[in-house]
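One structure below.
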Amino acid sequence: MDLVVRRARIVGLRKLSDIAIEDGRIVEIGDRVEESGEEEIDAMGRLASPGFVDAHMHLDKALLGQETPNISGTLREAIKIMGRKKSEFTVDAVKERAGRVVEMAVRNGTTAIRTHVDVDPMVGQTGLMALLQVREEYSDLADIQIVAFPQEGITNVEGAEELLREAMDAGADIVGGIPAIDPDPKLHIDKVFSVARDFGVDIDMHIDESDDPNDLTLEYYAEKALEEGYPGNLTAGHCCSLAAVDDDVARRVIGKVHEAGVNVVTLPSTNLYLQGRGDGYPIRRGITRVRELLDAGVNVLYASDNVRDAFNPFGNANMLELALILAHGAQMGGMSDLETVFRMGTTNAARAVGIGADYGIKEGKRADMVVLDAESPQEAIISQARALYVVKNGVLVAEDGHLKTDRRAR
């Protein structure tokens with residue numbers, strides 16, 4: 001065996017188990033694996049989970065807040081800052097910042113990432129070119145999916161659709177969108193579907209990152225998906241304005257989202273930080289209707305979104321940290337709630353990014369896992385458990401917060 005993990009407490013199982021790995025896959029799980037591994041880990045009863053899936057990041061913008069802080073902390077100033085900074089992007093600079101955050105994420109137990117990258121006339125394909133290289137160079141640490149993201153809009157930006165198509169030709173994996181920022185949100189969505197259909201790829205759009213109940217493009221997104229019978233995986237990120245509408249409207253929209261099979265990503269750190277700034281008391285939380293969506297059968301997950309950039313000065317690319325923030329913000333502190341939150345960052349997220357069929361600590365699955373210094377998902381969130389061991393494709397890539405190799409020295 002290449003690797004044997006001994007005495008692990010696998011999520012969902014009561015007794016301790018040994019996990020045997022060969023050629024990147026889990027080949028045996030049992031009370032005692034008799035064969036020795038070329039490398040062995042003694043989990044000592046600690047929690048073994050499938051690797052975290054951070055399904056919505058902005059690696060091209062990560063860490064920029066340390067260079068150019070957002071003084072007001074508002075979304076408006078963040079957009080202005082990025083409008084200035086993007087024209088200064090270089091491939092090497094984006095690669096360096098993005099690589100640092102990928103390493104941060106892996107050290108914290110993440111083994112799969114989906115990142116949006118701005119594609120517009122201000123930045124061209126610079127960010128994309130950088131992230132294509134990051135995707136390749138860090139492929140042994142994390143699977144990275146790239147979403148071509150028209151941050152400035154489509155119908156209002158000359159050449160935006162052509163840039164999206166060029167990005168897909170260049171190697172982006174998924175088509176993104178941000179309809180609420182566009183003067184014609186419905187046409188924006190139509191164009192995103194058109195590009196995705198032509199390239200046969202999934203769609204992952206920023207939807208209604210706003211406190212304005214009139215910015216309810218989520219409903220049209222779901223209607224368009226139903227009308228098209230679109231076969232790809234569909235995801236909506238943010239959905240903040242869903243929390244600003246009345247209950248009857250929310251139920252109607254959530255019903256359509258469920259029927260259309262749209263995944264919803266809540267971004268608790270950024271949304272709590274940015275939303276509600278124009279409110280007098282009571283101030284809205286900004287987080288979408290997580291409980292209602294889950295209760296309706298929608299696949300809901302959470303992710304980092306921004307890591308120390310102009311939109312959010314916080315972030316450690318740590319899914320357990322985000323789980324704790326979500327548990328507070330969505331008031332999901334019960335034991336069953338915390339178990340649900342843990343699943344949102346693992347199995348729910350894996351399903352949303354299309355890797356669910358080969359994901360999990362089960363025989364035959366790919367060996368991507370993290371051993372956490374906890375005995376349960378609830379304890380992992382509450383105690384903010386350390387990632388003791390991170391395994392990617394059957395290889396131990398990080399131990400106790402340190403990568404096994406110095407990536408930036410290569």
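By convention in this document, the chains of the structure tokens carry letters A, B, ... by their order, each chain's residues are numbered from 1, and ligands are numbered from 1 in the order they are shown.
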
Shell around Gly354 in chain A at 10 Å using only C-alpha atoms, local window under 5 positions removed, as JSON, numbers by chain: {"A": [202, 232, 233, 349, 359]}

Export, as a short mmCIF file (atom, residue, chain, number, x, y, z; two decimals), in the first residue's frame, the selected residues with C-alpha atoms.
```
data_model
loop_
_atom_site.label_atom_id
_atom_site.label_comp_id
_atom_site.auth_asym_id
_atom_site.auth_seq_id
_atom_site.Cartn_x
_atom_site.Cartn_y
_atom_site.Cartn_z
CA ASP A 202 -21.53 24.60 -16.48
CA GLY A 232 -25.14 21.49 -17.21
CA ASN A 233 -24.56 22.14 -13.53
CA ALA A 349 -19.87 21.66 -2.25
CA TYR A 359 -15.77 12.12 -3.58
#
```

CA of Ala398 in chain A and CA of Gly51 in chain A are how many Å apart? 12.0 Å

Test item: residues at most 8 Å from range 13-23 of chain A, only C-alpha atoms, excluding those fewer than 4 positions along its chain, as a PDB file with C-alpha atoms, in the first residue's frame:
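Wrote selection.pdb, looks like this:
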```pdb
ATOM      1  CA  MET A   1       0.000   0.000   0.000  1.00  0.00           C
ATOM      2  CA  ASP A   2       1.165   3.526  -0.713  1.00  0.00           C
ATOM      3  CA  LEU A   3      -0.409   5.040   2.397  1.00  0.00           C
ATOM      4  CA  VAL A   4      -2.348   3.669   5.371  1.00  0.00           C
ATOM      5  CA  VAL A   5      -4.198   5.946   7.773  1.00  0.00           C
ATOM      6  CA  ARG A   6      -4.628   4.138  11.089  1.00  0.00           C
ATOM      7  CA  ARG A   7      -7.304   4.605  13.758  1.00  0.00           C
ATOM      8  CA  ALA A   8      -9.279   7.307  11.997  1.00  0.00           C
ATOM      9  CA  ARG A   9     -12.753   8.415  13.051  1.00  0.00           C
ATOM     10  CA  VAL A  27      -8.787   0.486  -1.663  1.00  0.00           C
ATOM     11  CA  GLU A  28      -9.746  -0.764   1.800  1.00  0.00           C
ATOM     12  CA  ILE A  29     -11.497   0.519   4.913  1.00  0.00           C
ATOM     13  CA  GLY A  30     -11.720  -1.738   7.934  1.00  0.00           C
ATOM     14  CA  ASP A  31     -11.115  -2.281  11.623  1.00  0.00           C
ATOM     15  CA  ARG A  32      -7.580  -3.331  10.818  1.00  0.00           C
ATOM     16  CA  VAL A  33      -5.755  -3.184   7.484  1.00  0.00           C
ATOM     17  CA  GLY A  37       1.895   1.151   3.901  1.00  0.00           C
ATOM     18  CA  GLY A  45      -8.995   8.688  16.892  1.00  0.00           C
ATOM     19  CA  ALA A 367      -8.142   9.628  -1.769  1.00  0.00           C
ATOM     20  CA  ASN A 393      -4.654  11.924  -4.622  1.00  0.00           C
ATOM     21  CA  GLY A 394      -3.326   9.528  -1.999  1.00  0.00           C
TER      22      GLY A 394
END
```

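Excluding Val265 in chain A itself and same-chain residues fewer than 2 positions from it, the residues having an atom within 7 Å of it are Ala236, Gly237, His238, Asn263, Leu267, Val300, Leu301, Tyr302 and Ala303 of chain A, counting only C-alpha atoms.
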
Write a file of the just-selected residues containing N, CA and C atoms, as a JSON list (two decimals), in the first residue's frame.
```json
[["chain", "number", "residue", "atom", "x", "y", "z"],
["A", 236, "ALA", "N", -25.67, 29.49, -8.29],
["A", 236, "ALA", "CA", -25.92, 30.90, -8.00],
["A", 236, "ALA", "C", -25.19, 31.27, -6.72],
["A", 237, "GLY", "N", -24.32, 32.26, -6.80],
["A", 237, "GLY", "CA", -23.59, 32.71, -5.62],
["A", 237, "GLY", "C", -24.18, 33.97, -5.03],
["A", 238, "HIS", "N", -24.14, 34.10, -3.74],
["A", 238, "HIS", "CA", -24.60, 35.25, -2.95],
["A", 238, "HIS", "C", -26.10, 35.19, -2.68],
["A", 263, "ASN", "N", -27.74, 25.11, -7.68],
["A", 263, "ASN", "CA", -27.00, 25.13, -6.42],
["A", 263, "ASN", "C", -26.90, 26.58, -5.93],
["A", 267, "LEU", "N", -21.94, 33.17, 0.88],
["A", 267, "LEU", "CA", -20.59, 33.65, 1.15],
["A", 267, "LEU", "C", -20.62, 34.45, 2.45],
["A", 300, "VAL", "N", -27.27, 23.63, -0.89],
["A", 300, "VAL", "CA", -26.68, 24.88, -0.41],
["A", 300, "VAL", "C", -25.28, 24.59, 0.12],
["A", 301, "LEU", "N", -24.35, 25.46, -0.19],
["A", 301, "LEU", "CA", -22.97, 25.33, 0.26],
["A", 301, "LEU", "C", -22.45, 26.70, 0.65],
["A", 302, "TYR", "N", -21.26, 26.75, 1.23],
["A", 302, "TYR", "CA", -20.64, 28.03, 1.56],
["A", 302, "TYR", "C", -19.21, 28.02, 1.04],
["A", 303, "ALA", "N", -18.62, 29.21, 0.93],
["A", 303, "ALA", "CA", -17.26, 29.31, 0.40],
["A", 303, "ALA", "C", -16.61, 30.60, 0.86]]
```

Run DSSP on the backbone and grab whatever in range 121-302 of chain A lands in helix (DSSP H, G or I); send it over as a PyMOL selection string. chain A and resi 126-137+160-170+179-181+185-199+217-228+240-243+247-260+268-274+290-295
